[in-house]
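Everything below concerns the one structure shown next.
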Amino acid sequence: MHCVIQMSNMEENKVTDPLLQRLKELNWPTMALDRPEPEPGQLWRAEWERVACLVVISGTRSGRNVPVMAATSDHIGDERAVVVSAENGMKPSVWGGLAKSVKMFTLAQRITDLTHQSIRMLAAVAVGQRDGDWAPISNNLDDRVLVRADLVDKLQGFSEAEWMPTVRDDEQTLADLAVNFGIPPSQIAVSLGITPGDARRLLKGQREPSPDELSVLTELLGPISSAGIRFDEDLVASLDLPEFRPRLRLIASEEHNDDEVAARRVYAGRLMAMAARHRKSGQRNWAELIREALHAD
């Protein structure tokens with residue numbers, strides 16, 4: 001039975017990586033291709049900046065990070081790799097020795113779930129309690145060296161991926177610059193044509209300035225670095241959830257020239273502004289707010 005893949009037209013047109021094409025061509029059962037909360041034992045397709053790889057969730061996520069092991073659709077591996085069975089009949093190879101915590105937002109689609117027996121077998125192989133399905137790689141002429149190196153590079157890339165700007169301790173924020181020049185938020189608001197509340201959020205680093213705003217701020221405050229964006233940590237972790245990725249990719253395509261990093265930063269700023277306008281007591285449910293905002297758009 002050939003696999004049946006259901007995707008939105010946007011995703012079908014945008015996703016052209018060789019991995020997905022390979023999966024579509026395999027004589028495999030139907031794949032889930034949904035985006036639930038990451039849970040141990042799930043087989044996912046991870047993708048970031050046009051690099052894709054199969055991964056198996058190997059543990060419970062911690063904040064924005066998810067522990068995974070590399071996997072391949074081809075039956076190939078080393079002494080800590082094993083062919084596993086999935087609930088829909090797929091049999092990928094999982095490299096138990098290639099484990100890494102990757103950013104949750106790099107998870108693109110769940111393919112299927114491993115069987116309970118395969119999960120237990122994989123755990124035993126990963127810690128050396130059971131032999132894998134292949135002999136060790138003993139020399140650099142082994143073709144598996146290249147496969148392994150490619151998987152290592154991909155996991156490293158998914159681990160280091162980030163859409164939040166890097167903030168150095170020694171960089172001055174917009175608020176610092178405004179204080180240095182003696183310019184109050186009210187003057188910033190008038191100069192930019194925004195509300196005083198939005199000006200305060202901008203100075204606090206709760207959103208990025210637009211190109212036009214940046215031009216005006218540069219005239220007022222001098223050269224401005226990219227430092228200072230400080231979104232709520234729970235908001236960032238919620239926006240990383242795989243369920244929001246298709247819509248964010250569409251926003252990136254339509255508004256940011258396919259730049260998903262820019263789309264996420266701008267949308268995070270919008271959500272911070274929305275949250276500030278709708279103050280509620282108790283802990284904020286960022287995931288629900290994101291759903292409402294994306295649905296409204």
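Starting from 1 in every chain, residues are counted up; chains themselves are A, B, ... following the order of the structure tokens, and ligands are numbered from 1 as listed.
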With a cut-off of 12 Å, could you pull out the residues of stretch 160-217 of chain A touching stretch 106-120 of chain A and give me the nearest pair of atoms for each, distance in Å to one decimal, using only C-alpha atoms, ordered by chain and ascending number, as CSV?
```
residue,atom,partner,partner_atom,distance
A:Glu160,CA,A:Thr106,CA,10.3
A:Ala161,CA,A:Thr106,CA,7.8
A:Glu162,CA,A:Thr106,CA,9.3
A:Trp163,CA,A:Thr106,CA,10.5
```
Could you save the residues just selected, with all heavy atoms, as a short mmCIF file (atom, residue, chain, number, x, y, z; two decimals), in the first residue's frame?
```
data_model
loop_
_atom_site.label_atom_id
_atom_site.label_comp_id
_atom_site.auth_asym_id
_atom_site.auth_seq_id
_atom_site.Cartn_x
_atom_site.Cartn_y
_atom_site.Cartn_z
N GLU A 160 21.32 23.81 17.66
CA GLU A 160 21.79 25.20 17.72
C GLU A 160 20.82 26.18 17.08
O GLU A 160 21.03 27.40 17.17
CB GLU A 160 23.14 25.30 17.02
CG GLU A 160 24.25 24.50 17.71
CD GLU A 160 25.56 24.52 16.94
OE1 GLU A 160 25.54 25.01 15.78
OE2 GLU A 160 26.57 24.05 17.47
N ALA A 161 19.76 25.69 16.45
CA ALA A 161 18.80 26.58 15.78
C ALA A 161 18.18 27.54 16.79
O ALA A 161 17.95 27.18 17.95
CB ALA A 161 17.72 25.75 15.10
N GLU A 162 17.89 28.76 16.34
CA GLU A 162 17.28 29.75 17.23
C GLU A 162 16.60 30.83 16.40
O GLU A 162 17.11 31.24 15.36
CB GLU A 162 18.36 30.37 18.12
CG GLU A 162 17.83 31.35 19.15
CD GLU A 162 16.77 30.73 20.06
OE1 GLU A 162 15.59 30.75 19.65
OE2 GLU A 162 17.13 30.22 21.13
N TRP A 163 15.43 31.23 16.84
CA TRP A 163 14.77 32.36 16.19
C TRP A 163 14.78 33.61 17.07
O TRP A 163 14.47 34.70 16.61
CB TRP A 163 13.34 32.01 15.78
CG TRP A 163 12.41 31.59 16.88
CD1 TRP A 163 12.16 30.32 17.30
CD2 TRP A 163 11.55 32.45 17.66
NE1 TRP A 163 11.22 30.33 18.31
CE2 TRP A 163 10.83 31.61 18.55
CE3 TRP A 163 11.34 33.82 17.71
CZ2 TRP A 163 9.90 32.12 19.46
CZ3 TRP A 163 10.43 34.32 18.62
CH2 TRP A 163 9.72 33.47 19.48
#
```
Could you name the residues that touch A:Asn65 at 8 Å or less, counting only C-alpha atoms, but leaving out those on the same chain fewer than 2 positions away, as JSON, numbers by chain? {"A": [61, 62, 63, 67, 101, 102, 103, 104]}
Can you list, as a PyMOL selection string, every protein, DNA or RNA residue that comes within 12 Å of A:Lys100 when you count only C-alpha atoms, leaving out same-chain residues fewer than 6 positions away? chain A and resi 55-59+61+65-70+151-160
Atom CA of A:Ala71 and atom CA of A:Met90 are how many Å apart?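 That distance, rounded to one decimal, is 12.2 Å.
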A straight line from atom CA of A:Ala287 to atom CA of A:Pro165 spans 21.4 Å
As a PyMOL selection string, please: every residue in stretch 75-262 of chain A that DSSP puts in alpha helix (DSSP H). chain A and resi 116-126+144-160+174-180+185-192+196-203+211-221+233-239+245-255+260-262
Just give me the gap between atom CA of A:Ala175 and atom CA of A:Asp232 in Å, one decimal is fine.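 Computed distance, atom CA of A:Ala175 to atom CA of A:Asp232, equals 17.4 Å.
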Within 12 Å of stretch 205-221 of chain A, counting only C-alpha atoms, which residues qualify if same-chain residues fewer than 5 places away don't, as a ChimeraX atom specification? /A:164-165,167,172-185,187-194,197-200,226-233,235-236,262-276
